[in-house]
>>> print(open('start_25.tsv').read())   # TSV, C-alpha atoms and all ligand atoms
chain	number	residue	atom	x	y	z
A	29	MET	CA	63.86	-2.90	47.38
A	30	GLN	CA	63.68	-6.35	45.87
A	31	ASN	CA	59.90	-6.33	46.17
A	32	ARG	CA	59.60	-2.96	44.45
A	33	LYS	CA	61.63	-4.18	41.47
A	34	LEU	CA	59.37	-7.18	41.22
A	35	SER	CA	56.26	-4.97	41.35
A	36	TYR	CA	57.48	-3.12	38.23
A	37	ALA	CA	58.64	-6.25	36.46
A	38	ILE	CA	55.31	-8.04	36.50
A	39	PRO	CA	53.27	-5.36	34.68
A	40	ILE	CA	56.10	-4.85	32.16
A	41	LEU	CA	56.17	-8.56	31.42
A	42	PHE	CA	52.40	-8.51	31.10
A	43	LEU	CA	52.48	-5.65	28.58
A	44	LEU	CA	55.22	-7.41	26.63
A	45	LEU	CA	53.06	-10.51	26.47
A	46	ILE	CA	50.11	-8.48	25.15
A	47	ALA	CA	52.34	-6.82	22.52
A	48	LEU	CA	53.66	-10.18	21.36
A	49	THR	CA	50.25	-11.81	21.12
A	50	HIS	CA	48.53	-8.79	19.48
A	51	PRO	CA	50.54	-7.65	16.46
A	52	ALA	CA	49.75	-4.10	15.31
A	53	ASP	CA	47.97	-5.21	12.14
A	54	ALA	CA	45.73	-7.78	13.83
A	55	VAL	CA	42.00	-7.67	13.26
A	56	VAL	CA	40.10	-5.78	15.95
A	57	GLY	CA	37.09	-8.00	16.49
A	58	ALA	CA	33.56	-6.63	16.63
A	59	ILE	CA	31.41	-7.67	19.57
A	60	GLU	CA	29.79	-11.03	18.83
A	61	ASP	CA	27.37	-11.29	21.76
A	62	GLY	CA	23.98	-10.79	20.10
A	63	LEU	CA	25.43	-10.40	16.61
A	64	VAL	CA	22.94	-11.64	14.01
A	65	ALA	CA	24.68	-10.68	10.76
A	66	TYR	CA	27.68	-8.69	9.54
A	67	TRP	CA	28.26	-7.39	6.02
A	68	SER	CA	31.90	-6.22	5.67
A	69	PHE	CA	31.42	-5.61	1.92
A	70	ASP	CA	35.04	-6.66	1.48
A	71	LYS	CA	35.76	-7.86	-2.04
A	72	ASP	CA	35.91	-11.56	-1.19
A	73	THR	CA	32.33	-11.36	0.14
A	74	VAL	CA	30.76	-9.45	-2.78
A	75	ARG	CA	29.68	-10.42	-6.28
A	76	ILE	CA	28.61	-6.96	-7.29
A	77	ALA	CA	26.14	-7.98	-9.99
A	78	GLU	CA	24.55	-10.55	-7.70
A	79	GLN	CA	24.96	-10.47	-3.94
A	80	ALA	CA	26.90	-9.47	-0.83
A	81	GLU	CA	27.56	-12.09	1.80
A	82	ASP	CA	27.13	-11.69	5.56
A	83	ILE	CA	30.40	-13.00	7.03
A	84	PHE	CA	28.91	-14.04	10.37
A	85	SER	CA	25.88	-16.18	9.62
A	86	GLY	CA	25.82	-16.58	5.85
A	87	LEU	CA	22.80	-14.47	4.90
A	88	SER	CA	23.05	-12.95	1.44
A	89	ALA	CA	21.97	-9.51	0.32
A	90	MET	CA	20.64	-9.49	-3.22
A	91	VAL	CA	21.96	-6.67	-5.35
A	92	LYS	CA	19.28	-4.41	-6.89
A	93	GLY	CA	20.20	-1.83	-9.51
A	94	ASP	CA	23.93	-1.40	-10.15
A	95	PRO	CA	25.79	-0.33	-7.01
A	96	GLU	CA	29.61	-0.29	-7.20
A	97	LEU	CA	32.16	-2.25	-5.22
A	98	VAL	CA	34.60	0.48	-4.16
A	99	PRO	CA	38.38	0.00	-3.62
A	100	ALA	CA	39.58	0.02	-0.02
A	101	ALA	CA	41.37	3.37	-0.40
A	102	ASP	CA	37.97	5.09	-0.59
A	103	CYS	CA	36.31	3.02	2.16
A	104	LYS	CA	36.49	2.65	5.92
A	105	VAL	CA	37.59	-0.97	6.42
A	106	GLY	CA	38.53	-2.92	3.30
A	107	GLU	CA	36.16	-2.46	0.37
A	108	CYS	CA	32.64	-0.98	0.56
A	109	ILE	CA	29.54	-0.32	-1.55
A	110	LEU	CA	28.57	2.89	-3.38
A	111	PHE	CA	24.84	3.52	-4.01
A	112	ASP	CA	23.78	5.97	-6.73
A	113	GLY	CA	20.62	7.35	-5.09
A	114	VAL	CA	18.46	6.23	-8.01
A	115	ASP	CA	17.74	2.53	-7.94
A	116	ASP	CA	20.57	0.82	-6.01
A	117	ASN	CA	20.03	-1.19	-2.83
A	118	LEU	CA	20.76	-4.53	-1.22
A	119	LEU	CA	17.80	-6.62	-0.09
A	120	VAL	CA	18.56	-9.35	2.42
A	121	GLU	CA	17.35	-12.84	1.70
A	122	ASP	CA	16.20	-14.43	4.95
A	123	SER	CA	17.17	-17.91	6.07
A	124	ASN	CA	15.16	-20.86	7.31
A	125	PRO	CA	14.72	-20.67	10.28
A	126	PRO	CA	14.45	-16.90	9.84
A	127	LYS	CA	17.09	-14.50	11.15
A	128	ILE	CA	15.30	-11.35	9.94
A	129	ASP	CA	11.53	-12.01	10.01
A	130	ARG	CA	11.52	-12.98	13.69
A	131	ASP	CA	10.65	-11.36	17.01
A	132	TRP	CA	13.09	-8.65	18.03
A	133	ASP	CA	12.85	-7.87	21.76
A	134	GLU	CA	15.79	-5.54	21.24
A	135	ILE	CA	17.83	-4.47	18.23
A	136	THR	CA	20.96	-2.58	17.17
A	137	LEU	CA	21.80	-1.35	13.66
A	138	GLU	CA	25.38	-0.23	13.13
A	139	CYS	CA	27.29	0.94	10.04
A	140	TRP	CA	29.76	3.36	8.56
A	141	VAL	CA	28.27	5.69	5.96
A	142	LYS	CA	29.47	8.58	3.79
A	143	ILE	CA	26.65	10.46	2.08
A	144	ASN	CA	27.61	12.26	-1.14
A	145	ALA	CA	24.51	14.34	-1.83
A	146	LEU	CA	21.02	15.09	-0.52
A	147	ASP	CA	17.84	14.83	-2.54
A	148	ASP	CA	15.13	16.81	-0.74
A	149	SER	CA	13.46	13.74	0.75
A	150	TRP	CA	13.61	10.76	3.15
A	151	ASN	CA	16.39	8.26	2.64
A	152	ARG	CA	17.12	5.04	4.52
A	153	ILE	CA	20.69	3.93	5.11
A	154	ILE	CA	19.51	0.68	6.73
A	155	SER	CA	15.87	-0.34	7.14
A	156	LEU	CA	14.15	-3.27	8.83
A	157	ASP	CA	10.51	-2.84	7.92
A	158	ASP	CA	7.32	-4.56	6.81
A	159	GLN	CA	6.66	-2.49	3.69
A	160	PRO	CA	4.17	-2.06	2.15
A	161	THR	CA	2.13	-2.63	5.37
A	162	ASN	CA	4.33	-0.05	7.11
A	163	SER	CA	3.29	-1.00	10.66
A	164	LYS	CA	6.88	-1.80	11.75
A	165	VAL	CA	9.92	0.31	10.94
A	166	VAL	CA	13.43	0.34	12.36
A	167	THR	CA	15.72	2.60	10.37
A	168	LEU	CA	18.87	4.67	10.37
A	169	TYR	CA	17.70	7.47	8.09
A	170	TYR	CA	18.00	11.09	7.08
A	171	ASP	CA	15.54	13.61	5.68
A	172	ASP	CA	16.88	16.50	3.62
A	173	ASP	CA	13.48	18.19	3.27
A	174	ASP	CA	13.04	18.59	7.04
A	175	ASN	CA	16.78	18.69	7.85
A	176	ARG	CA	16.98	15.65	10.13
A	177	HIS	CA	18.79	12.41	10.76
A	178	GLY	CA	18.51	9.75	13.42
A	179	PHE	CA	17.10	6.39	14.47
A	180	PHE	CA	13.40	6.01	13.69
A	181	ILE	CA	11.24	3.32	15.33
A	182	LYS	CA	7.62	2.47	14.58
A	183	VAL	CA	6.14	-0.45	16.50
A	184	GLY	CA	2.95	-1.25	18.40
A	185	ASN	CA	1.20	1.95	17.25
A	186	GLN	CA	4.01	3.97	18.81
A	187	ALA	CA	6.55	5.88	16.77
A	188	THR	CA	9.47	8.26	16.88
A	189	GLN	CA	8.30	11.88	16.63
A	190	ALA	CA	10.68	13.17	14.01
A	191	ALA	CA	10.40	16.84	14.98
A	192	GLN	CA	11.46	16.10	18.56
A	193	HIS	CA	13.40	12.87	18.62
A	194	LEU	CA	15.95	13.25	15.85
A	195	ILE	CA	18.97	15.44	15.22
A	196	GLN	CA	17.44	18.57	13.71
A	197	GLU	CA	20.03	19.21	11.03
A	198	ASP	CA	21.02	17.60	7.74
A	199	ILE	CA	23.30	14.61	7.91
A	200	PRO	CA	26.89	15.81	7.26
A	201	LEU	CA	28.03	15.24	3.66
A	202	GLY	CA	31.30	13.87	2.30
A	203	GLU	CA	32.64	12.42	5.56
A	204	TRP	CA	32.58	8.97	7.07
A	205	LEU	CA	30.14	8.71	9.97
A	206	HIS	CA	29.84	5.80	12.37
A	207	LEU	CA	26.09	5.50	13.04
A	208	VAL	CA	24.45	3.24	15.61
A	209	GLY	CA	20.81	2.96	16.62
A	210	THR	CA	19.75	0.87	19.63
A	211	TYR	CA	16.24	-0.02	20.81
A	212	ASP	CA	15.50	-2.13	23.88
A	213	GLY	CA	11.70	-2.18	23.58
A	214	SER	CA	11.50	1.34	25.03
A	215	ALA	CA	14.72	3.40	25.03
A	216	VAL	CA	15.95	4.54	21.61
A	217	ASN	CA	19.55	5.72	21.41
A	218	TYR	CA	21.31	7.21	18.39
A	219	TYR	CA	25.10	7.34	18.40
A	220	VAL	CA	27.22	9.35	15.96
A	221	ASN	CA	30.95	8.64	15.86
A	222	GLY	CA	30.86	6.77	19.17
A	223	LYS	CA	28.94	9.42	21.12
A	224	LEU	CA	25.30	9.34	22.18
A	225	ALA	CA	23.92	12.10	19.95
A	226	ILE	CA	20.24	11.98	21.00
A	227	LYS	CA	17.86	9.62	22.80
A	228	HIS	CA	14.13	9.19	23.13
A	229	THR	CA	11.50	6.65	24.15
A	230	VAL	CA	9.17	4.56	22.01
A	231	ALA	CA	7.31	2.27	24.42
A	232	GLY	CA	6.25	-0.13	21.69
A	233	GLY	CA	7.78	-3.31	23.07
A	234	LYS	CA	9.11	-5.99	20.79
A	235	ILE	CA	9.12	-5.79	17.01
A	236	ALA	CA	7.04	-8.86	16.22
A	237	LYS	CA	7.74	-11.18	13.31
A	238	GLY	CA	5.52	-10.98	10.24
A	239	GLY	CA	6.57	-9.45	6.93
A	240	LEU	CA	9.88	-8.07	8.21
A	241	LYS	CA	12.55	-7.48	5.57
A	242	LEU	CA	16.00	-5.92	5.79
A	243	CYS	CA	17.29	-3.48	3.19
A	244	ILE	CA	20.62	-1.66	2.86
A	245	GLY	CA	20.39	1.68	1.06
A	246	ASP	CA	16.60	1.96	0.71
A	247	ARG	CA	13.34	0.78	2.23
A	248	SER	CA	12.53	-2.87	1.67
A	249	ASP	CA	9.82	-2.77	-0.99
A	250	GLY	CA	12.12	-1.70	-3.76
A	251	VAL	CA	10.25	1.35	-5.01
A	252	ASN	CA	13.49	3.39	-4.82
A	253	ALA	CA	11.75	6.15	-2.86
A	254	ASP	CA	14.33	6.19	-0.08
A	255	ALA	CA	17.47	5.33	-2.05
A	256	ILE	CA	20.64	6.83	-0.60
A	257	GLN	CA	23.45	8.46	-2.55
A	258	GLY	CA	26.70	7.46	-0.91
A	259	TYR	CA	28.91	4.74	0.59
A	260	VAL	CA	28.08	2.09	3.19
A	261	ASP	CA	30.66	-0.06	4.96
A	262	GLU	CA	30.74	-2.54	7.88
A	263	PHE	CA	27.03	-3.06	8.57
A	264	ARG	CA	26.17	-5.13	11.64
A	265	ILE	CA	22.82	-6.04	13.14
A	266	TYR	CA	22.37	-7.31	16.72
A	267	ASP	CA	19.39	-8.77	18.56
A	268	ARG	CA	20.10	-6.69	21.65
A	269	ALA	CA	20.78	-3.03	22.43
A	270	LEU	CA	24.55	-2.46	22.58
A	271	THR	CA	25.79	-0.30	25.47
A	272	ALA	CA	27.61	3.01	24.96
A	273	GLY	CA	30.90	1.28	25.77
A	274	GLU	CA	30.22	-1.44	23.23
A	275	VAL	CA	29.36	1.14	20.56
A	276	GLN	CA	32.74	2.81	21.15
A	277	LYS	CA	34.51	-0.54	21.01
A	278	ASN	CA	32.80	-1.50	17.77
A	279	MET	CA	33.78	1.81	16.18
A	280	LYS	CA	37.36	0.48	16.21
A	281	ALA	CA	36.43	-2.97	14.90
A	282	THR	CA	37.95	-4.19	11.64
A	283	GLY	CA	36.43	-7.65	11.45
A	284	LEU	CA	35.79	-10.66	13.64
A	285	ASP	CA	38.25	-12.15	16.11
A	286	VAL	CA	38.27	-15.35	14.13
A	287	SER	CA	38.42	-14.20	10.52
A	288	PRO	CA	36.23	-16.15	8.15
A	289	THR	CA	38.46	-18.64	6.41
A	290	SER	CA	38.36	-19.24	2.69
A	291	ASN	CA	36.97	-22.62	3.64
A	292	HIS	CA	34.03	-21.03	5.46
A	293	LEU	CA	33.29	-18.76	2.51
A	294	SER	CA	33.49	-21.52	-0.06
A	295	VAL	CA	31.05	-23.55	2.01
A	296	THR	CA	28.72	-20.56	2.10
A	297	TRP	CA	28.90	-19.97	-1.66
A	298	ALA	CA	28.28	-23.64	-2.23
A	299	GLN	CA	25.18	-23.45	-0.05
A	300	ILE	CA	23.93	-20.46	-2.02
A	301	LYS	CA	24.48	-22.25	-5.31
A	302	ALA	CA	22.67	-25.30	-3.98
A	303	ARG	CA	19.74	-23.18	-2.86
A	304	ARG	CA	19.44	-21.54	-6.27
A	305	LYS	CA	19.25	-24.77	-8.21
B	1	CA	CA	21.81	2.49	-10.37
B	2	CA	CA	34.50	-3.21	4.21
B	3	CA	CA	18.12	19.98	4.09
B	4	CA	CA	14.54	9.86	-1.12
>>> encode(input="start_25.tsv", output="structure tokens")
Amino acid sequence: MQNRKLSYAIPILFLLLIALTHPADAVVGAIEDGLVAYWSFDKDTVRIAEQAEDIFSGLSAMVKGDPELVPAADCKVGECILFDGVDDNLLVEDSNPPKIDRDWDEITLECWVKINALDDSWNRIISLDDQPTNSKVVTLYYDDDDNRHGFFIKVGNQATQAAQHLIQEDIPLGEWLHLVGTYDGSAVNYYVNGKLAIKHTVAGGKIAKGGLKLCIGDRSDGVNADAIQGYVDEFRIYDRALTAGEVQKNMKATGLDVSPTSNHLSVTWAQIKARRK
């Protein structure tokens, strides 16, 4: 009898300990293994006429056009960015040594997005590409004209076949979607709201460095051809393919386990200012 009481007591104590050390409003940390950069688009990381700061490694995304910083009530986690579908995008400035124009043996793109309207053409929510060469493309995109959305890969003269390898319907409008694309050098997985929606193979191997740029809300060469009309929040990029379990875990993430301190951010802004002198 004594032993049985003890066997209940230990798990209860354990749960109590978890409850005490994890208050309900604590940040749910995104996976950091393989994380390269993370744009929360929260207000303390954005200067909307200038740039949006990556809270993990200090890259900055240069603001093109006039996107809006949107109040948290209309976003997924904290504030987010609204693109007008005309000329708004965020182009990521690489670092030295490079974090973007480098070899990618594997990659994951992850974000929350809410599309407001379609425009009868291709549009890129996130794009790592080497425009205008166009020999390497990694993009979460949708295509109103052909009624598709998915994760498109072009590398090593291999490419996603859009008519077979993507979801053959328009991206849903007016609702927040958690989208993740993973590529491990061969397998391409596309997750919608934490579930594997479709998968295919592009046996192109690594995405090799050389001209790679990262753009949020359009393709990287700034011609506005693929500009999206809608909201983007919580964009993360990894240098490995997240697993299905990790995708589900990240869907619940609200930040990093160790939140960036004001000190960290001020250091980052100071570095940016120094670089611009
Ligand atoms: Ca605009
Ligand atoms: Ca946010
Ligand atoms: Ca359509
Ligand atoms: Ca377009």
>>> atom_distance(input="start_25.tsv", atom1="CA of Asn252 in chain A", atom2="CA of Gln79 in chain A")
18.0 Å
>>> closest_atom_pairs(input="start_25.tsv", of="chain A", to="ligand CA 2 (chain B)", cutoff="9 Å", atoms="only C-alpha atoms and all ligand atoms", output="JSON lines")
{"residue": "A:Trp67", "atom": "CA", "partner": "B:CA2", "partner_atom": "CA", "distance": 7.7}
{"residue": "A:Ser68", "atom": "CA", "partner": "B:CA2", "partner_atom": "CA", "distance": 4.2}
{"residue": "A:Phe69", "atom": "CA", "partner": "B:CA2", "partner_atom": "CA", "distance": 4.5}
{"residue": "A:Asp70", "atom": "CA", "partner": "B:CA2", "partner_atom": "CA", "distance": 4.4}
{"residue": "A:Lys71", "atom": "CA", "partner": "B:CA2", "partner_atom": "CA", "distance": 7.9}
{"residue": "A:Ala100", "atom": "CA", "partner": "B:CA2", "partner_atom": "CA", "distance": 7.4}
{"residue": "A:Cys103", "atom": "CA", "partner": "B:CA2", "partner_atom": "CA", "distance": 6.8}
{"residue": "A:Lys104", "atom": "CA", "partner": "B:CA2", "partner_atom": "CA", "distance": 6.4}
{"residue": "A:Val105", "atom": "CA", "partner": "B:CA2", "partner_atom": "CA", "distance": 4.4}
{"residue": "A:Gly106", "atom": "CA", "partner": "B:CA2", "partner_atom": "CA", "distance": 4.1}
{"residue": "A:Glu107", "atom": "CA", "partner": "B:CA2", "partner_atom": "CA", "distance": 4.3}
{"residue": "A:Cys108", "atom": "CA", "partner": "B:CA2", "partner_atom": "CA", "distance": 4.7}
{"residue": "A:Ile109", "atom": "CA", "partner": "B:CA2", "partner_atom": "CA", "distance": 8.1}
{"residue": "A:Val260", "atom": "CA", "partner": "B:CA2", "partner_atom": "CA", "distance": 8.4}
{"residue": "A:Asp261", "atom": "CA", "partner": "B:CA2", "partner_atom": "CA", "distance": 5.0}
{"residue": "A:Glu262", "atom": "CA", "partner": "B:CA2", "partner_atom": "CA", "distance": 5.3}
{"residue": "A:Phe263", "atom": "CA", "partner": "B:CA2", "partner_atom": "CA", "distance": 8.7}
{"residue": "A:Thr282", "atom": "CA", "partner": "B:CA2", "partner_atom": "CA", "distance": 8.3}
{"residue": "A:Gly283", "atom": "CA", "partner": "B:CA2", "partner_atom": "CA", "distance": 8.7}
>>> write_last_selection(input="start_25.tsv", atoms="C-alpha atoms", output="mmCIF file, in the frame of the given file")
data_model
loop_
_atom_site.group_PDB
_atom_site.id
_atom_site.type_symbol
_atom_site.label_atom_id
_atom_site.label_comp_id
_atom_site.auth_asym_id
_atom_site.auth_seq_id
_atom_site.Cartn_x
_atom_site.Cartn_y
_atom_site.Cartn_z
ATOM 1 C CA TRP A 67 28.260 -7.390 6.020
ATOM 2 C CA SER A 68 31.900 -6.220 5.670
ATOM 3 C CA PHE A 69 31.420 -5.610 1.920
ATOM 4 C CA ASP A 70 35.040 -6.660 1.480
ATOM 5 C CA LYS A 71 35.760 -7.860 -2.040
ATOM 6 C CA ALA A 100 39.580 0.020 -0.020
ATOM 7 C CA CYS A 103 36.310 3.020 2.160
ATOM 8 C CA LYS A 104 36.490 2.650 5.920
ATOM 9 C CA VAL A 105 37.590 -0.970 6.420
ATOM 10 C CA GLY A 106 38.530 -2.920 3.300
ATOM 11 C CA GLU A 107 36.160 -2.460 0.370
ATOM 12 C CA CYS A 108 32.640 -0.980 0.560
ATOM 13 C CA ILE A 109 29.540 -0.320 -1.550
ATOM 14 C CA VAL A 260 28.080 2.090 3.190
ATOM 15 C CA ASP A 261 30.660 -0.060 4.960
ATOM 16 C CA GLU A 262 30.740 -2.540 7.880
ATOM 17 C CA PHE A 263 27.030 -3.060 8.570
ATOM 18 C CA THR A 282 37.950 -4.190 11.640
ATOM 19 C CA GLY A 283 36.430 -7.650 11.450
#
>>> closest_atom_pairs(input="start_25.tsv", of="chain A", to="ligand CA 3 (chain B)", cutoff="9 Å", atoms="only C-alpha atoms and all ligand atoms", output="Markdown table")
| residue | atom | partner | partner_atom | distance |
| --- | --- | --- | --- | --- |
| A:Leu146 | CA | B:CA3 | CA | 7.3 |
| A:Asp147 | CA | B:CA3 | CA | 8.4 |
| A:Asp148 | CA | B:CA3 | CA | 6.5 |
| A:Ser149 | CA | B:CA3 | CA | 8.5 |
| A:Asp171 | CA | B:CA3 | CA | 7.1 |
| A:Asp172 | CA | B:CA3 | CA | 3.7 |
| A:Asp173 | CA | B:CA3 | CA | 5.0 |
| A:Asp174 | CA | B:CA3 | CA | 6.0 |
| A:Asn175 | CA | B:CA3 | CA | 4.2 |
| A:Arg176 | CA | B:CA3 | CA | 7.5 |
| A:Glu197 | CA | B:CA3 | CA | 7.2 |
| A:Asp198 | CA | B:CA3 | CA | 5.2 |
| A:Ile199 | CA | B:CA3 | CA | 8.4 |
>>> residues_near_ligand(input="start_25.tsv", ligand="ligand CA 1 (chain B)", cutoff="10 Å", atoms="only C-alpha atoms and all ligand atoms", output="VMD selection string")
chain A and resid 92 to 96 110 to 117 255 257
>>> atom_distance(input="start_25.tsv", atom1="CA of Gln192 in chain A", atom2="CA of Val208 in chain A")
18.5 Å
